[in-house]
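Q: Structure file query-v2.cif (mmCIF, C-alpha atoms) is given on the next line.
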data_model
#
loop_
_atom_site.label_atom_id
_atom_site.label_comp_id
_atom_site.auth_asym_id
_atom_site.auth_seq_id
_atom_site.Cartn_x
_atom_site.Cartn_y
_atom_site.Cartn_z
CA MET S 279 0.00 0.00 0.00
CA VAL S 280 1.37 3.40 -1.01
CA LYS S 281 1.81 5.89 1.86
CA SER S 282 1.58 9.65 1.45
CA VAL S 283 4.40 11.85 2.73
CA LEU S 284 4.56 15.58 3.46
CA ILE S 285 8.06 17.09 3.36
CA ALA S 286 8.88 20.32 5.25
CA GLU S 287 12.35 21.75 4.57
CA ASP S 288 13.38 25.38 4.15
CA HIS S 289 16.24 24.75 1.71
CA ALA S 290 14.65 24.32 -1.73
CA LEU S 291 17.36 22.03 -3.12
CA THR S 292 17.15 19.67 -0.15
CA ARG S 293 13.33 19.77 -0.21
CA HIS S 294 13.25 18.84 -3.91
CA ALA S 295 15.81 16.08 -3.35
CA LEU S 296 13.71 14.63 -0.52
CA CYS S 297 10.58 14.81 -2.65
CA SER S 298 12.39 13.01 -5.49
CA LEU S 299 13.76 10.39 -3.08
CA PHE S 300 10.33 9.50 -1.67
CA ALA S 301 8.64 9.72 -5.09
CA SER S 302 11.17 7.22 -6.48
CA GLN S 303 10.04 4.58 -3.97
CA GLU S 304 7.19 2.25 -4.88
CA ASP S 305 5.68 2.42 -1.39
CA PHE S 306 5.62 6.24 -1.05
CA GLU S 307 4.04 9.20 -2.78
CA VAL S 308 4.72 12.83 -1.95
CA CYS S 309 1.41 14.55 -1.32
CA GLY S 310 2.92 17.96 -0.61
CA ASP S 311 5.89 20.00 0.50
CA ALA S 312 6.40 23.07 2.66
CA GLU S 313 9.23 25.53 3.20
CA ASN S 314 8.48 26.23 6.88
CA GLY S 315 6.69 24.73 9.85
CA GLN S 316 3.60 26.91 9.59
CA GLU S 317 3.06 25.84 5.97
CA ALA S 318 3.56 22.22 7.01
CA VAL S 319 0.83 22.47 9.65
CA GLU S 320 -1.59 24.15 7.22
CA ILE S 321 -0.92 21.70 4.38
CA ALA S 322 -1.07 18.66 6.67
CA GLN S 323 -4.55 19.61 7.86
CA VAL S 324 -5.79 19.64 4.27
CA LEU S 325 -3.87 16.67 2.81
CA ARG S 326 -3.82 14.38 5.90
CA PRO S 327 -0.53 12.62 5.00
CA ASP S 328 0.41 9.21 6.37
CA LEU S 329 3.88 10.53 7.35
CA ILE S 330 5.44 13.96 7.91
CA VAL S 331 9.17 14.66 7.52
CA LEU S 332 10.29 17.91 9.18
CA ASP S 333 13.54 19.82 9.24
CA LEU S 334 14.39 21.06 12.73
CA SER S 335 15.59 24.55 11.80
CA MET S 336 13.05 26.39 9.64
CA PRO S 337 11.80 29.98 9.51
CA VAL S 338 8.37 31.16 10.70
CA MET S 339 7.80 28.00 12.80
CA ASN S 340 10.62 25.56 13.53
CA GLY S 341 10.34 21.78 13.40
CA ILE S 342 9.72 21.38 17.13
CA GLU S 343 6.91 23.95 17.17
CA ALA S 344 5.44 22.36 14.03
CA ALA S 345 5.64 18.87 15.57
CA GLN S 346 3.85 20.11 18.70
CA ALA S 347 1.06 21.69 16.62
CA LEU S 348 0.78 18.65 14.34
CA LYS S 349 0.56 16.24 17.27
CA ARG S 350 -2.31 18.27 18.74
CA LEU S 351 -4.13 18.22 15.39
CA MET S 352 -3.11 14.79 14.07
CA PRO S 353 -1.90 12.69 17.02
CA GLU S 354 -1.72 9.43 15.08
CA THR S 355 0.42 10.74 12.21
CA PRO S 356 4.09 9.81 12.61
CA ILE S 357 6.67 12.58 12.36
CA ILE S 358 10.33 12.18 11.46
CA VAL S 359 12.78 15.00 12.12
CA PHE S 360 15.45 15.01 9.41
CA SER S 361 18.05 17.56 10.40
CA GLU S 362 21.73 18.36 10.67
CA TYR S 363 21.03 19.35 14.29
CA CYS S 364 19.89 15.96 15.62
CA ASP S 365 22.83 15.78 18.01
CA LEU S 366 21.37 18.77 19.91
CA PHE S 367 18.05 17.03 20.37
CA SER S 368 17.92 13.79 22.37
CA GLU S 369 15.73 10.81 21.68
CA ARG S 370 13.96 11.42 25.01
CA GLU S 371 13.18 15.03 24.06
CA ALA S 372 11.94 13.88 20.65
CA ARG S 373 9.59 11.30 22.15
CA SER S 374 8.22 13.87 24.62
CA GLU S 375 7.33 16.09 21.65
CA GLY S 376 5.63 13.23 19.82
CA ILE S 377 8.38 12.80 17.22
CA SER S 378 8.63 9.22 16.01
CA ALA S 379 12.24 9.29 14.79
CA LEU S 380 15.30 11.50 14.48
CA VAL S 381 17.52 11.11 11.41
CA SER S 382 20.65 13.14 10.83
CA LYS S 383 21.27 14.62 7.40
CA THR S 384 24.77 13.15 7.66
CA GLU S 385 23.31 9.62 7.53
CA PRO S 386 22.81 7.82 4.20
CA VAL S 387 19.33 8.45 2.75
CA SER S 388 18.60 4.75 3.21
CA VAL S 389 18.44 5.44 6.98
CA LEU S 390 15.68 8.00 6.39
CA LEU S 391 13.73 5.57 4.21
CA ASP S 392 14.20 2.73 6.71
CA ASN S 393 12.94 4.95 9.53
CA ALA S 394 9.99 6.09 7.42
CA ARG S 395 8.95 2.51 6.80
CA ALA S 396 9.47 1.56 10.44
CA VAL S 397 7.38 4.38 11.93
CA LEU S 398 4.55 3.68 9.51
CA HIS S 399 4.33 0.22 11.05
CA TYR S 400 4.22 1.74 14.52
CA THR S 401 0.88 0.96 16.11
CA ALA S 402 -0.77 1.80 19.42
CA GLY S 403 2.29 2.66 21.46
CA GLY S 404 4.76 0.14 20.09
CA PHE S 405 6.32 -1.44 17.05
CA LEU S 406 4.70 -4.68 16.02
CA SER S 407 7.57 -7.00 15.20
CA PRO S 408 6.59 -9.59 12.57
CA SER S 409 9.09 -12.10 13.99
CA ASN S 410 7.63 -12.30 17.46
CA GLN S 411 4.36 -10.35 17.21
CA THR S 412 5.26 -8.38 20.34
CA LYS S 413 5.30 -4.65 20.68
CA GLU S 414 8.66 -2.95 20.85
CA GLN S 415 9.67 0.68 20.59
CA PRO S 416 10.84 1.43 17.04
CA HIS S 417 14.56 2.03 16.74
CA VAL S 418 15.40 5.69 16.33
CA HIS S 419 18.61 6.46 14.46
CA THR S 420 20.53 9.38 15.80
CA ARG S 421 24.04 10.59 15.30
CA SER S 422 26.46 9.38 17.97
#
What do you get writing this file as structure tokens?

A:
Amino acid sequence: MVKSVLIAEDHALTRHALCSLFASQEDFEVCGDAENGQEAVEIAQVLRPDLIVLDLSMPVMNGIEAAQALKRLMPETPIIVFSEYCDLFSEREARSEGISALVSKTEPVSVLLDNARAVLHYTAGGFLSPSNQTKEQPHVHTRS
């Protein structure tokens, strides 16, 4: 089943590259893109994406503020923060803000795609592992 993705990134070149990356995958379609957090919140309310990818540092409304607003409006929609500043933001802080995963821009793009697929399988407070059918927390990749 194809999942819709909303990309929010203030740098146009990176935003277009992310859109192309997700569009090139058989299991994803890009339903929209935004250049700041406020746009992301507005677009998400209209398009209702299955997944939202946010940069941390954006004008108007940053990724944390956008994640907070999105979680109030769309609590079940997973959010991935894809940023060069992941090392400043801990996994614990991310979870407290409702962010499903942190991925550093220094990681290979395959890490972003792997996390996107993993959080979309996240259900009711845990990750349903096909091997043992038990709920586990999804693994969040951060920069060490």

Q: What does the structure give for the distance between atom CA of S:Ala344 and atom CA of S:Leu332, in Å to one decimal?

A: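 Rounded to one decimal, the two atoms are 8.2 Å apart.
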
Q: Hey, what comes out of the PyMOL selection byres ((chain S and resi 319-329) around 10) on this file? Could you write it as a VMD selection string?

A: chain S and resid 280 to 286 306 to 312 314 to 318 330 to 332 339 343 to 349 351 to 352 354 to 358 378 394 to 395 397 to 398

Q: Generate a file of the selected residues that holds C-alpha atoms, formatted as an mmCIF file, keeping the file's coordinate frame.

A:
data_model
loop_
_atom_site.group_PDB
_atom_site.id
_atom_site.type_symbol
_atom_site.label_atom_id
_atom_site.label_comp_id
_atom_site.auth_asym_id
_atom_site.auth_seq_id
_atom_site.Cartn_x
_atom_site.Cartn_y
_atom_site.Cartn_z
ATOM 1 C CA VAL S 280 1.370 3.400 -1.010
ATOM 2 C CA LYS S 281 1.810 5.890 1.860
ATOM 3 C CA SER S 282 1.580 9.650 1.450
ATOM 4 C CA VAL S 283 4.400 11.850 2.730
ATOM 5 C CA LEU S 284 4.560 15.580 3.460
ATOM 6 C CA ILE S 285 8.060 17.090 3.360
ATOM 7 C CA ALA S 286 8.880 20.320 5.250
ATOM 8 C CA PHE S 306 5.620 6.240 -1.050
ATOM 9 C CA GLU S 307 4.040 9.200 -2.780
ATOM 10 C CA VAL S 308 4.720 12.830 -1.950
ATOM 11 C CA CYS S 309 1.410 14.550 -1.320
ATOM 12 C CA GLY S 310 2.920 17.960 -0.610
ATOM 13 C CA ASP S 311 5.890 20.000 0.500
ATOM 14 C CA ALA S 312 6.400 23.070 2.660
ATOM 15 C CA ASN S 314 8.480 26.230 6.880
ATOM 16 C CA GLY S 315 6.690 24.730 9.850
ATOM 17 C CA GLN S 316 3.600 26.910 9.590
ATOM 18 C CA GLU S 317 3.060 25.840 5.970
ATOM 19 C CA ALA S 318 3.560 22.220 7.010
ATOM 20 C CA ILE S 330 5.440 13.960 7.910
ATOM 21 C CA VAL S 331 9.170 14.660 7.520
ATOM 22 C CA LEU S 332 10.290 17.910 9.180
ATOM 23 C CA MET S 339 7.800 28.000 12.800
ATOM 24 C CA GLU S 343 6.910 23.950 17.170
ATOM 25 C CA ALA S 344 5.440 22.360 14.030
ATOM 26 C CA ALA S 345 5.640 18.870 15.570
ATOM 27 C CA GLN S 346 3.850 20.110 18.700
ATOM 28 C CA ALA S 347 1.060 21.690 16.620
ATOM 29 C CA LEU S 348 0.780 18.650 14.340
ATOM 30 C CA LYS S 349 0.560 16.240 17.270
ATOM 31 C CA LEU S 351 -4.130 18.220 15.390
ATOM 32 C CA MET S 352 -3.110 14.790 14.070
ATOM 33 C CA GLU S 354 -1.720 9.430 15.080
ATOM 34 C CA THR S 355 0.420 10.740 12.210
ATOM 35 C CA PRO S 356 4.090 9.810 12.610
ATOM 36 C CA ILE S 357 6.670 12.580 12.360
ATOM 37 C CA ILE S 358 10.330 12.180 11.460
ATOM 38 C CA SER S 378 8.630 9.220 16.010
ATOM 39 C CA ALA S 394 9.990 6.090 7.420
ATOM 40 C CA ARG S 395 8.950 2.510 6.800
ATOM 41 C CA VAL S 397 7.380 4.380 11.930
ATOM 42 C CA LEU S 398 4.550 3.680 9.510
#

Q: How far is it from atom CA of S:Asn340 to atom CA of S:Glu313, in Å with one decimal?

A: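 Atom-to-atom, atom CA of S:Asn340 and atom CA of S:Glu313 are spaced 10.4 Å apart.
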